[in-house]
Amino acid sequence: MRSEARGVGFQMNFFTRPLLDELERAGARIDYLEVLCDTVSGSLESPYLVEPRHAAWLADLKQRYPLVAHSNFGEEYGFAELEDTPCVRRHIPIAREMGAAWMTDHMFYGTQSTSYLWSTPIQFSAAEIRRVAARARTLQGLLGAPLLHENAFIYALFPGSDLGEAEFLSGLVEEAGTYLLLDVHNVYANSKNFAGFDPWSYVDRIPLDRVLEIHVAGGQWIEGWYHDLHNDSVPEPVWELVQHVLERSRSVRGVTLEVQGPVHTARSRPIDAGWRDMALRDLERIAALWSRARD
Amino acid sequence: MIELYRARRGFDARTVYDVWIRLVQSEAMYEAMLRGEHAEVARALGFGELELAILDDFAIQPGTRWHVENLRFRAVTMVSRLLGWHLPATLRLVTEGREGWLRDLVYEYLSLERWVELGHHHRFAECERFAEFVEHRVLKRRMPPPHIEAVLAFERGVIDLLRRAAALPIAAWPPPAAVPAAAPDAAILRGPVQVQLALPVDLLAWLCDPRTELHVTTPAPLDVIAWITAADAPVQTAPLTPPGPQLLAAAATPHPRRDLERLVAGAGPMIASWLERGILVCAPEHGS
C-alpha cells in the first residue's frame, strides 16, 4: 500500500542516517523521508532487492514514516535496454516494497557505472524528449505510482542541446504523462553559474501543475563556481522561489531538505557540530512555509 | 543558459555520450583540453571531425573542468566506501587506517582502470578487482605489511562466499527449524553456503574487527569456517577445531544424526552446537 507523504521531507543518505536520530531528538518536524534507492539496493550480482545489511533499517523507517523513493543512479536514461538497468531491476521493486508515494529520478545518462552519470544531464533536444519519454512512460507503468523527473544542476550543457531545460521538461512530462521534482537549489545554482539564466523565468516556464515535490539545499562557492553540495544553509533566494512556487501550484505535496557530507569535492566544507542545527533551522523554515501555504 | 550555448549542429545524443565517456577515460585528453590543446590528442586517439566538434563543445564550457574533477572525486568516495564493506582488513593493512592514503590508492586504481568503475551495483566484482590491484601492483613496490597475503586470501574467500550466497535462490535456503536434540534419525548435512579458510596464524579476532592495529591472538595456524545461514543473515566465522574437518566431510551428504556420530568419533557435542548455529542443517525432507 502506498504511503501518504505530505509536508516536510528529509532525504536519507549515508550522511543523514545518523543525523536523523539527532534531528528527531531535537524535535524536528519531519513528515516523510525520501530514501535514495542506491543506498539500500542489493547488488545486481545478488538476488536481493534490498542489501541484507540495510533491510532492518529500511523496515524501521517504513514503520515510522511515509516514504518516497529517489532512484538516484538507476541508469534508466542511458542507452542500455531498459529492463537491464538498476532502476528496473532494483529501484522500482524497492519503491513498491517501501510503499513509496512516488519515485523521483535524475535526468542523467549512465551505463554500468555509478559515477559517469553523476550530473551528466541528458541532451535537451526534441529527439531526446521522444526517446526518454518512451522510457519514462514504461517506468511509471512498472512503478504504479507517479514518476517525477528532477531538474539538473548543470556543469556543462550536453552538446547538441537546442532546447532550454524548462522546455525539455515540459515536453517530456506532456509526452510521458509523468511529473516533476523541482529542485529549487539546482535552479538557483544554475543561475549563479550561467549568466543570463533567470531562475524566476525558469520556474514560470515549467508546468507547475505537474510539480509534486520540491528539493531545497545549500551549496558552496569554489574558485568562482557555485557547487550544489548540499553542505550549507538554504540560501535566502531559494526560500523566495519556494514560496513563489507554493503560491502558484496546488499539486506540490512536499518540500524535501537535502543535506550531505563531503562527497563530491575535496574542497567541500567539512562536517562539524553545527550541521545538526543548520538542518534543524532549514526544516523549521520549510515547516513555516508549508504551514502558511497548505496547513 | 541555452542562450549562451548554441548547438552548432544536431549531434546525436549517443555519439555525444560516447565522446564524453572517452573524455573522462583519457586523462591525457582531459589535461590537454584544459590547456586548449585537445585536438592533437583527440586525433591521435582516432577522433574524427564530428567527434572533435563535440569535444570542442565540451571544451568551451568552463564547467566541464568541474564536471570531470568532481565526478572523479565522487567515484573515489563511493568506491572507497564499498571496499570498506568487504575488504576492511586489507584496507587497514595497506593504509594503516589513513583515509587520505586510501583515497590515493583508490584514485590510482580507478585511473589505471580508465575510470571504469564497476560500482555499487557490482560490488563483489569491484572488490575482487581491487584485491588484484593490491596483490599485483601495491605489494610489488613496497615491503608487504605482515600477513597481508593471508588477510587478502581470507577476505577474498568471504567475498566468494557472498557470491555463492547471492547465487542461491531464496527458496533454496534451509528453513530455520532446529533438529530436536532427541531425534537420532533426523537427516542432517552441511549448510549450503560455507567455506573453510586457512590462516597461518590466529588473526580471527582482529579480522572480525580490523579497525585497530593488526593483532595476532596466537602464532599457531588456524583453520576457520565461514558461513551464512539465511539470505538476510551476515557472514559468521568460527575456529575449525577437530573433529570439525572430518565432520564437515562426512556431512557433505545427508546422514541421520546417529550415523554421523558413528562416522566421526566424539562429534556428538559439536553436532549439537553446529545445528544450533546453522553450520549443519536439516536435510530438506526433514526441515519443513
# chains A, B, ... in the order shown; residues from 1 in each chain; ligands from 1
$ interface_residues --of "chain B" --to "chain A" --cutoff "8 Å" --atoms "only C-alpha atoms" --output "PyMOL selection string"
chain B and resi 1-14+16-17+21+24+54+57-58+61-64+66-67+69-75+77+116-124+163+165-170+231-234
$ select_by_dssp --residues "region 130-261 of chain A" --states "strand (DSSP E or B)" --output "NGL selection string"
:A and (147-150 or 179-183 or 211-216 or 220-222 or 225-227 or 254-257)
$ write_last_selection --atoms "N, CA and C atoms" --output "short mmCIF file (atom, residue, chain, number, x, y, z; two decimals), in the first residue's frame"
data_model
loop_
_atom_site.label_atom_id
_atom_site.label_comp_id
_atom_site.auth_asym_id
_atom_site.auth_seq_id
_atom_site.Cartn_x
_atom_site.Cartn_y
_atom_site.Cartn_z
N LEU A 147 5.85 9.10 -11.34
CA LEU A 147 7.30 9.20 -11.54
C LEU A 147 7.62 10.67 -11.76
N LEU A 148 8.56 11.17 -10.96
CA LEU A 148 8.90 12.60 -11.01
C LEU A 148 10.31 12.77 -11.55
N HIS A 149 10.47 13.69 -12.51
CA HIS A 149 11.80 13.98 -13.06
C HIS A 149 12.38 15.21 -12.40
N GLU A 150 13.63 15.09 -11.97
CA GLU A 150 14.29 16.21 -11.28
C GLU A 150 15.09 17.05 -12.26
N TYR A 179 5.63 13.39 -14.02
CA TYR A 179 5.56 14.57 -13.14
C TYR A 179 6.95 15.15 -12.91
N LEU A 180 7.01 16.17 -12.07
CA LEU A 180 8.29 16.87 -11.85
C LEU A 180 8.64 16.94 -10.36
N LEU A 181 9.92 16.80 -10.11
CA LEU A 181 10.52 17.19 -8.83
C LEU A 181 11.31 18.46 -9.13
N LEU A 182 10.89 19.57 -8.55
CA LEU A 182 11.56 20.83 -8.80
C LEU A 182 12.63 21.04 -7.73
N ASP A 183 13.89 20.88 -8.13
CA ASP A 183 14.99 21.16 -7.20
C ASP A 183 15.30 22.64 -7.31
N VAL A 211 4.28 19.62 -10.76
CA VAL A 211 5.29 19.52 -9.70
C VAL A 211 4.65 18.91 -8.46
N LEU A 212 5.18 17.75 -8.05
CA LEU A 212 4.66 17.10 -6.84
C LEU A 212 5.59 17.30 -5.64
N GLU A 213 6.87 17.51 -5.91
CA GLU A 213 7.84 17.63 -4.81
C GLU A 213 8.83 18.73 -5.14
N ILE A 214 9.33 19.35 -4.06
CA ILE A 214 10.37 20.38 -4.18
C ILE A 214 11.57 19.95 -3.36
N HIS A 215 12.76 20.15 -3.90
CA HIS A 215 14.01 19.95 -3.15
C HIS A 215 14.60 21.30 -2.79
N VAL A 216 15.11 21.39 -1.56
CA VAL A 216 15.91 22.56 -1.19
C VAL A 216 17.23 22.08 -0.58
N GLN A 220 28.09 25.73 -2.14
CA GLN A 220 29.36 26.37 -1.77
C GLN A 220 30.05 26.94 -3.01
N TRP A 221 30.59 28.15 -2.86
CA TRP A 221 31.41 28.72 -3.92
C TRP A 221 32.83 28.16 -3.82
N ILE A 222 33.35 27.67 -4.94
CA ILE A 222 34.74 27.22 -5.00
C ILE A 222 35.33 27.74 -6.31
N TRP A 225 32.93 29.11 -8.91
CA TRP A 225 31.83 28.26 -9.38
C TRP A 225 30.99 27.88 -8.17
N TYR A 226 29.67 27.99 -8.31
CA TYR A 226 28.79 27.64 -7.20
C TYR A 226 28.37 26.18 -7.35
N HIS A 227 28.71 25.38 -6.32
CA HIS A 227 28.50 23.93 -6.40
C HIS A 227 27.31 23.50 -5.56
N GLY A 254 5.04 18.07 -1.11
CA GLY A 254 6.04 18.14 -0.05
C GLY A 254 7.29 18.90 -0.48
N VAL A 255 7.99 19.41 0.53
CA VAL A 255 9.28 20.10 0.31
C VAL A 255 10.33 19.33 1.10
N THR A 256 11.37 18.87 0.41
CA THR A 256 12.36 17.96 1.00
C THR A 256 13.71 18.65 1.14
N LEU A 257 14.30 18.53 2.32
CA LEU A 257 15.63 19.08 2.57
C LEU A 257 16.70 18.03 2.24
#
$ residues_around --residues "region 30-44 of chain B" --least-positions-apart "3" --cutoff "9 Å" --atoms "only C-alpha atoms" --output "PyMOL selection string"
chain B and resi 23-27+47-49+51-52+55-56+58-60+65+68
$ closest_residue --among "B:Val138, B:Met29, B:Ala283, B:Ala230" --to "Leu91 (chain B)" --atoms "only C-alpha atoms"
B:Val138
$ closest_residue --among "A:Met103, A:Val68, A:Ala28, A:Met12" --to "Asp282 (chain A)" --atoms "only C-alpha atoms"
A:Ala28
$ atom_distance --atom1 "CA of Tyr188 (chain A)" --atom2 "CA of Glu223 (chain A)"
17.6 Å
$ decode --residues "region 11-43 of chain B" --atoms "N, CA and C atoms" --output "tab-separated table (two decimals), in the first residue's frame"
chain	number	residue	atom	x	y	z
B	11	PHE	N	23.91	17.17	-33.02
B	11	PHE	CA	24.68	16.00	-32.61
B	11	PHE	C	23.75	14.92	-32.06
B	12	ASP	N	23.94	13.70	-32.53
B	12	ASP	CA	23.21	12.57	-31.99
B	12	ASP	C	23.65	12.34	-30.54
B	13	ALA	N	22.67	12.13	-29.64
B	13	ALA	CA	22.97	12.06	-28.22
B	13	ALA	C	23.91	10.89	-27.90
B	14	ARG	N	23.72	9.76	-28.54
B	14	ARG	CA	24.57	8.60	-28.24
B	14	ARG	C	26.02	8.88	-28.63
B	15	THR	N	26.19	9.55	-29.76
B	15	THR	CA	27.55	9.88	-30.20
B	15	THR	C	28.20	10.82	-29.19
B	16	VAL	N	27.42	11.80	-28.71
B	16	VAL	CA	27.97	12.75	-27.74
B	16	VAL	C	28.34	12.01	-26.45
B	17	TYR	N	27.49	11.11	-26.04
B	17	TYR	CA	27.78	10.37	-24.80
B	17	TYR	C	29.08	9.57	-24.93
B	18	ASP	N	29.26	8.96	-26.07
B	18	ASP	CA	30.49	8.18	-26.28
B	18	ASP	C	31.73	9.09	-26.23
B	19	VAL	N	31.62	10.28	-26.79
B	19	VAL	CA	32.74	11.23	-26.72
B	19	VAL	C	32.98	11.63	-25.26
B	20	TRP	N	31.91	11.88	-24.55
B	20	TRP	CA	32.01	12.27	-23.14
B	20	TRP	C	32.74	11.20	-22.33
B	21	ILE	N	32.35	9.96	-22.54
B	21	ILE	CA	32.99	8.86	-21.81
B	21	ILE	C	34.49	8.78	-22.16
B	22	ARG	N	34.81	8.97	-23.42
B	22	ARG	CA	36.22	8.91	-23.81
B	22	ARG	C	37.00	10.08	-23.21
B	23	LEU	N	36.34	11.21	-23.05
B	23	LEU	CA	36.99	12.37	-22.41
B	23	LEU	C	37.28	12.05	-20.95
B	24	VAL	N	36.32	11.43	-20.28
B	24	VAL	CA	36.53	11.09	-18.87
B	24	VAL	C	37.63	10.04	-18.75
B	25	GLN	N	37.63	9.10	-19.67
B	25	GLN	CA	38.58	7.98	-19.56
B	25	GLN	C	40.01	8.40	-19.86
B	26	SER	N	40.19	9.34	-20.76
B	26	SER	CA	41.54	9.72	-21.17
B	26	SER	C	42.02	10.92	-20.36
B	27	GLU	N	42.86	10.67	-19.38
B	27	GLU	CA	43.38	11.78	-18.59
B	27	GLU	C	44.25	12.69	-19.45
B	28	ALA	N	44.93	12.11	-20.43
B	28	ALA	CA	45.79	12.93	-21.30
B	28	ALA	C	44.93	13.91	-22.10
B	29	MET	N	43.81	13.42	-22.61
B	29	MET	CA	42.96	14.30	-23.42
B	29	MET	C	42.31	15.37	-22.55
B	30	TYR	N	41.92	14.95	-21.35
B	30	TYR	CA	41.30	15.93	-20.44
B	30	TYR	C	42.30	17.03	-20.08
B	31	GLU	N	43.51	16.65	-19.74
B	31	GLU	CA	44.52	17.66	-19.38
B	31	GLU	C	44.81	18.56	-20.58
B	32	ALA	N	44.87	17.97	-21.76
B	32	ALA	CA	45.11	18.77	-22.97
B	32	ALA	C	43.94	19.73	-23.21
B	33	MET	N	42.72	19.26	-22.91
B	33	MET	CA	41.55	20.11	-23.09
B	33	MET	C	41.61	21.34	-22.19
B	34	LEU	N	42.08	21.14	-20.97
B	34	LEU	CA	42.20	22.29	-20.06
B	34	LEU	C	43.17	23.33	-20.62
B	35	ARG	N	44.15	22.86	-21.39
B	35	ARG	CA	45.12	23.78	-22.00
B	35	ARG	C	44.66	24.27	-23.37
B	36	GLY	N	43.51	23.79	-23.81
B	36	GLY	CA	43.02	24.16	-25.15
B	36	GLY	C	43.80	23.46	-26.25
B	37	GLU	N	44.43	22.33	-25.93
B	37	GLU	CA	45.28	21.63	-26.92
B	37	GLU	C	44.78	20.21	-27.16
B	38	HIS	N	43.49	20.00	-27.07
B	38	HIS	CA	42.96	18.64	-27.12
B	38	HIS	C	42.89	18.07	-28.52
B	39	ALA	N	42.90	18.91	-29.54
B	39	ALA	CA	42.68	18.40	-30.90
B	39	ALA	C	43.73	17.36	-31.29
B	40	GLU	N	44.97	17.67	-30.99
B	40	GLU	CA	46.04	16.76	-31.40
B	40	GLU	C	45.92	15.41	-30.69
B	41	VAL	N	45.65	15.47	-29.39
B	41	VAL	CA	45.50	14.23	-28.63
B	41	VAL	C	44.28	13.45	-29.14
B	42	ALA	N	43.20	14.17	-29.40
B	42	ALA	CA	41.98	13.51	-29.86
B	42	ALA	C	42.21	12.82	-31.20
B	43	ARG	N	42.90	13.50	-32.10
B	43	ARG	CA	43.16	12.87	-33.41
B	43	ARG	C	44.04	11.63	-33.24
